[in-house]
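Below is one structure, written out as structure tokens; comments come after it.
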Amino acid sequence: MTIKSFRPMTSGTRGLVRVYDNRAETTNKPLKSAVRKLKSSGGRNNQGRTTIRFRGGGHKRQYRIVDFCRSLKAGVTGRVEAIEYDPNRTAYLARILYIDGARHYILAPDGLNVGDSVSSGANADISVGNALLLDHIPTGTMVHNIELKPGAGGQMARSAGTFAQIVAKEGTYASLKLPSGEVRKVHLACMATVGQVGNTEFNTGNFAKAGRMRWFGRRPHVRGVVMNPVDHPHGGGEGKTSGGRNPVSPWCTPAKGYRTRRNKRTSKYILKRRKK
């Protein structure tokens, strides 16, 4: 991992900090069999209404089909052909060539390099990049790409630099400490990948200019206090005002300290909340 700071030769390089993965190749041509078209929604739903504000524009992207369900290749050994950049996520991807000739993308964990071999299933070793059932992974191991239901594919700890730690096993469940600090029970029949997701220094980068954010499809975020009262509850007032009320969204939902989780069905699996 290389962190590069630029001299302020231009306005766009003033404050610019780029993070490079030394393992990643420089080609921008992904595997043809593992990509599909990705249509930009601009934050609109199927009715054309804006459901996510301040989205739109940005560079065209192709979606890389990532193998989150490693159980489909259980018992088949593969070799890392390349580490590639993915414009759709913060983590890098590892292109795997399996001995049966198939090529798949997986999340590139930290420490996995070109030429290394990976495998999945009950006979796989406890090494970086291998996927096993939680029942076969020792306590204290760092894992990522964790399934919530057996065979459903990984759903937790998939962002750059994230990992979960197996802290205990009791009965048919394992207790995992997630990146947020939450401790959650996951069934031992669920699969996880050993190691930490790569690109660990992602948060140290700095975009340095608004135009670079527009390349990612992020439009300017407008504060509510500068709007009119008809547009936002914080709007209006003479001079500079702070809204005159507790922070809320445009639809008057509390914006700070308000719990929005209402899934009582899975609350029994959470042993420790991320917020006290």
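Identifiers in the structure tokens: chain A, B, ... in order shown; residue index from 1 per chain; ligand index from 1 in order shown.
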
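Those residues in region 60-209 of chain A carrying a DSSP assignment of helix (DSSP H, G or I), computed from the backbone, are Arg70, Ser71, Leu72, Lys73, Leu134, Asp135, His136, Phe202, Asn203 and Thr204 of chain A.
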
Once you have the residues from the selection above, write them out as a PDB file, in the first residue's frame, restricted to N, CA and C atoms.
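Listing of part.pdb after writing:
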ATOM      1  N   ARG A  70     -18.782 -18.555  -1.855  1.00  0.00           N
ATOM      2  CA  ARG A  70     -17.601 -19.360  -2.176  1.00  0.00           C
ATOM      3  C   ARG A  70     -17.887 -20.855  -2.104  1.00  0.00           C
ATOM      4  N   SER A  71     -19.035 -21.233  -1.560  1.00  0.00           N
ATOM      5  CA  SER A  71     -19.340 -22.662  -1.459  1.00  0.00           C
ATOM      6  C   SER A  71     -19.585 -23.294  -2.820  1.00  0.00           C
ATOM      7  N   LEU A  72     -19.834 -22.471  -3.858  1.00  0.00           N
ATOM      8  CA  LEU A  72     -20.057 -23.018  -5.197  1.00  0.00           C
ATOM      9  C   LEU A  72     -18.787 -23.645  -5.766  1.00  0.00           C
ATOM     10  N   LYS A  73     -17.627 -23.238  -5.258  1.00  0.00           N
ATOM     11  CA  LYS A  73     -16.346 -23.783  -5.712  1.00  0.00           C
ATOM     12  C   LYS A  73     -15.644 -24.542  -4.583  1.00  0.00           C
ATOM     13  N   LEU A 134     -17.854 -21.417   9.554  1.00  0.00           N
ATOM     14  CA  LEU A 134     -17.439 -20.857  10.837  1.00  0.00           C
ATOM     15  C   LEU A 134     -17.116 -21.956  11.850  1.00  0.00           C
ATOM     16  N   ASP A 135     -17.725 -23.119  11.679  1.00  0.00           N
ATOM     17  CA  ASP A 135     -17.474 -24.225  12.588  1.00  0.00           C
ATOM     18  C   ASP A 135     -16.042 -24.727  12.474  1.00  0.00           C
ATOM     19  N   HIS A 136     -15.399 -24.500  11.311  1.00  0.00           N
ATOM     20  CA  HIS A 136     -14.052 -25.007  11.075  1.00  0.00           C
ATOM     21  C   HIS A 136     -12.975 -23.941  11.275  1.00  0.00           C
ATOM     22  N   PHE A 202      -7.641   3.021   2.863  1.00  0.00           N
ATOM     23  CA  PHE A 202      -8.554   3.764   2.000  1.00  0.00           C
ATOM     24  C   PHE A 202      -8.991   5.093   2.619  1.00  0.00           C
ATOM     25  N   ASN A 203      -9.250   5.094   3.932  1.00  0.00           N
ATOM     26  CA  ASN A 203      -9.769   6.296   4.593  1.00  0.00           C
ATOM     27  C   ASN A 203      -8.735   7.408   4.716  1.00  0.00           C
ATOM     28  N   THR A 204      -7.470   7.115   4.454  1.00  0.00           N
ATOM     29  CA  THR A 204      -6.449   8.154   4.565  1.00  0.00           C
ATOM     30  C   THR A 204      -6.378   9.028   3.315  1.00  0.00           C
TER      31      THR A 204
END

Which polymer residues have any atom within 12 Å of an atom of Arg18 (chain A), counting only C-alpha atoms, with same-chain residues fewer than 3 positions away left out, as a compact mmCIF listing (two decimals) with C-alpha atoms, in the first residue's frame?
# COMPACT_ATOMS: atom_id res chain seq x y z
CA MET A 1 0.00 0.00 0.00
CA THR A 2 1.38 3.38 -1.06
CA ILE A 3 0.08 6.76 0.14
CA LYS A 4 1.12 9.63 -2.12
CA SER A 5 0.74 13.34 -1.31
CA PHE A 6 0.95 15.85 -4.15
CA THR A 13 -3.65 18.82 -6.48
CA ARG A 14 -3.69 21.06 -3.41
CA GLY A 15 -4.39 18.71 -0.52
CA ASP A 21 -2.39 -0.77 -3.90
CA ASN A 199 -7.09 -1.54 0.77
CA GLU A 201 -5.56 2.68 4.06
CA PHE A 202 -8.55 3.76 2.00
CA ASN A 203 -9.77 6.30 4.59
CA THR A 204 -6.45 8.15 4.56
CA GLY A 205 -7.07 9.46 1.03
CA ASN A 206 -8.34 12.95 0.28
CA PHE A 207 -10.34 13.89 -2.82
CA ALA A 208 -9.07 17.49 -2.63
CA ARG A 212 -13.38 14.55 -8.15

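The smallest atom-to-atom distance between Arg103 (chain A) and any of A:Asn88, A:Gln62, A:Thr162, A:Ser33, using only C-alpha atoms, is found for A:Ser33.
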
Q: Just list the residues in region 137-177 of chain A DSSP gives strand (DSSP E) on the backbone, as number ranges by chain.
A: A: 142-144, 146-147, 154-156, 164-170, 173-177

Write the residues of the selection above to a file with N, CA and C atoms, as a PDB file, in the first residue's frame.
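After the write, again-v5.pdb holds the following:
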ATOM      1  N   MET A 142      -9.536 -13.560  12.349  1.00  0.00           N
ATOM      2  CA  MET A 142     -10.198 -12.468  11.636  1.00  0.00           C
ATOM      3  C   MET A 142     -10.801 -13.012  10.343  1.00  0.00           C
ATOM      4  N   VAL A 143     -12.061 -12.669  10.085  1.00  0.00           N
ATOM      5  CA  VAL A 143     -12.762 -13.141   8.892  1.00  0.00           C
ATOM      6  C   VAL A 143     -13.497 -11.978   8.246  1.00  0.00           C
ATOM      7  N   HIS A 144     -13.879 -12.175   6.984  1.00  0.00           N
ATOM      8  CA  HIS A 144     -14.693 -11.200   6.262  1.00  0.00           C
ATOM      9  C   HIS A 144     -15.613 -11.941   5.307  1.00  0.00           C
ATOM     10  N   ILE A 146     -18.921 -12.550   5.399  1.00  0.00           N
ATOM     11  CA  ILE A 146     -19.586 -13.514   6.271  1.00  0.00           C
ATOM     12  C   ILE A 146     -21.044 -13.669   5.854  1.00  0.00           C
ATOM     13  N   GLU A 147     -21.487 -14.901   5.785  1.00  0.00           N
ATOM     14  CA  GLU A 147     -22.888 -15.182   5.460  1.00  0.00           C
ATOM     15  C   GLU A 147     -23.759 -14.981   6.697  1.00  0.00           C
ATOM     16  N   GLY A 154     -21.891 -14.102   1.160  1.00  0.00           N
ATOM     17  CA  GLY A 154     -21.432 -13.173   2.190  1.00  0.00           C
ATOM     18  C   GLY A 154     -22.154 -11.848   2.140  1.00  0.00           C
ATOM     19  N   GLN A 155     -22.478 -11.321   3.321  1.00  0.00           N
ATOM     20  CA  GLN A 155     -23.188 -10.047   3.424  1.00  0.00           C
ATOM     21  C   GLN A 155     -22.537  -9.078   4.399  1.00  0.00           C
ATOM     22  N   MET A 156     -21.709  -9.569   5.315  1.00  0.00           N
ATOM     23  CA  MET A 156     -21.108  -8.709   6.326  1.00  0.00           C
ATOM     24  C   MET A 156     -19.603  -8.595   6.103  1.00  0.00           C
ATOM     25  N   ALA A 164     -14.242  -9.048  10.849  1.00  0.00           N
ATOM     26  CA  ALA A 164     -14.920  -9.444  12.077  1.00  0.00           C
ATOM     27  C   ALA A 164     -14.052 -10.495  12.755  1.00  0.00           C
ATOM     28  N   GLN A 165     -14.178 -10.580  14.064  1.00  0.00           N
ATOM     29  CA  GLN A 165     -13.374 -11.529  14.837  1.00  0.00           C
ATOM     30  C   GLN A 165     -14.283 -12.513  15.548  1.00  0.00           C
ATOM     31  N   ILE A 166     -13.934 -13.785  15.434  1.00  0.00           N
ATOM     32  CA  ILE A 166     -14.685 -14.831  16.131  1.00  0.00           C
ATOM     33  C   ILE A 166     -14.255 -14.823  17.596  1.00  0.00           C
ATOM     34  N   VAL A 167     -15.165 -14.435  18.473  1.00  0.00           N
ATOM     35  CA  VAL A 167     -14.811 -14.308  19.891  1.00  0.00           C
ATOM     36  C   VAL A 167     -15.245 -15.506  20.719  1.00  0.00           C
ATOM     37  N   ALA A 168     -16.247 -16.257  20.250  1.00  0.00           N
ATOM     38  CA  ALA A 168     -16.706 -17.412  21.025  1.00  0.00           C
ATOM     39  C   ALA A 168     -17.561 -18.304  20.144  1.00  0.00           C
ATOM     40  N   LYS A 169     -17.714 -19.539  20.605  1.00  0.00           N
ATOM     41  CA  LYS A 169     -18.621 -20.498  19.968  1.00  0.00           C
ATOM     42  C   LYS A 169     -19.416 -21.188  21.061  1.00  0.00           C
ATOM     43  N   GLU A 170     -20.719 -21.237  20.870  1.00  0.00           N
ATOM     44  CA  GLU A 170     -21.580 -21.854  21.874  1.00  0.00           C
ATOM     45  C   GLU A 170     -22.758 -22.491  21.162  1.00  0.00           C
ATOM     46  N   TYR A 173     -24.034 -21.724  17.327  1.00  0.00           N
ATOM     47  CA  TYR A 173     -23.783 -20.344  16.890  1.00  0.00           C
ATOM     48  C   TYR A 173     -22.381 -19.904  17.293  1.00  0.00           C
ATOM     49  N   ALA A 174     -21.835 -19.011  16.486  1.00  0.00           N
ATOM     50  CA  ALA A 174     -20.569 -18.356  16.791  1.00  0.00           C
ATOM     51  C   ALA A 174     -20.843 -16.880  17.059  1.00  0.00           C
ATOM     52  N   SER A 175     -20.120 -16.319  18.002  1.00  0.00           N
ATOM     53  CA  SER A 175     -20.250 -14.897  18.321  1.00  0.00           C
ATOM     54  C   SER A 175     -19.162 -14.131  17.582  1.00  0.00           C
ATOM     55  N   LEU A 176     -19.571 -13.167  16.776  1.00  0.00           N
ATOM     56  CA  LEU A 176     -18.642 -12.382  15.978  1.00  0.00           C
ATOM     57  C   LEU A 176     -18.671 -10.935  16.438  1.00  0.00           C
ATOM     58  N   LYS A 177     -17.494 -10.356  16.617  1.00  0.00           N
ATOM     59  CA  LYS A 177     -17.392  -8.940  16.910  1.00  0.00           C
ATOM     60  C   LYS A 177     -17.199  -8.196  15.601  1.00  0.00           C
TER      61      LYS A 177
END

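Between CA of Asp67 (chain A) and CA of Ala108 (chain A) the interatomic distance comes to 11.3 Å.
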
Closest atom pairs, residues of region 88-187 of chain A within 6 Å of region 75-83 of chain A, only C-alpha atoms, as a tab-separated table:
residue	atom	partner	partner_atom	distance
A:Leu93	CA	A:Ile83	CA	5.6
A:Ala94	CA	A:Ile83	CA	4.5
A:Arg95	CA	A:Ala82	CA	5.3
A:Ile96	CA	A:Val80	CA	4.7
A:Leu97	CA	A:Gly78	CA	5.3
A:Tyr98	CA	A:Gly78	CA	3.8
A:Ile99	CA	A:Gly78	CA	5.9
A:Val114	CA	A:Val80	CA	5.0
A:Gly115	CA	A:Val80	CA	5.1
A:Asp116	CA	A:Val80	CA	5.6
A:Ser117	CA	A:Arg79	CA	4.4
A:Val118	CA	A:Gly78	CA	5.3
A:Ser119	CA	A:Thr77	CA	4.7
A:Ser120	CA	A:Gly75	CA	5.9
A:Gly121	CA	A:Gly75	CA	5.6

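Considering only C-alpha atoms, the residue among A:Asp231, A:Gly161, A:Pro220, A:Ala255 positioned nearest to Arg55 (chain A) is A:Pro220.
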
For Asp110 (chain A), the closest of A:Ala152, A:Met191, A:Ala24, A:Leu38 counting only C-alpha atoms is A:Ala24

Requested in this report: Could you give me, as a PyMOL selection string, the residues within 8 Å of Ala160 (chain A), counting only C-alpha atoms and dropping anything in the same chain fewer than 6 positions from it?
Outcome: chain A and resi 90-92+197-200+202

Computed gap from CA of His221 (chain A) to CA of Ser11 (chain A) is 21.1 Å

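Closest approach to Gly58 (chain A) among A:Asn263, A:Thr193, A:Asn28, A:Ser41: A:Ser41, based on only C-alpha atoms.
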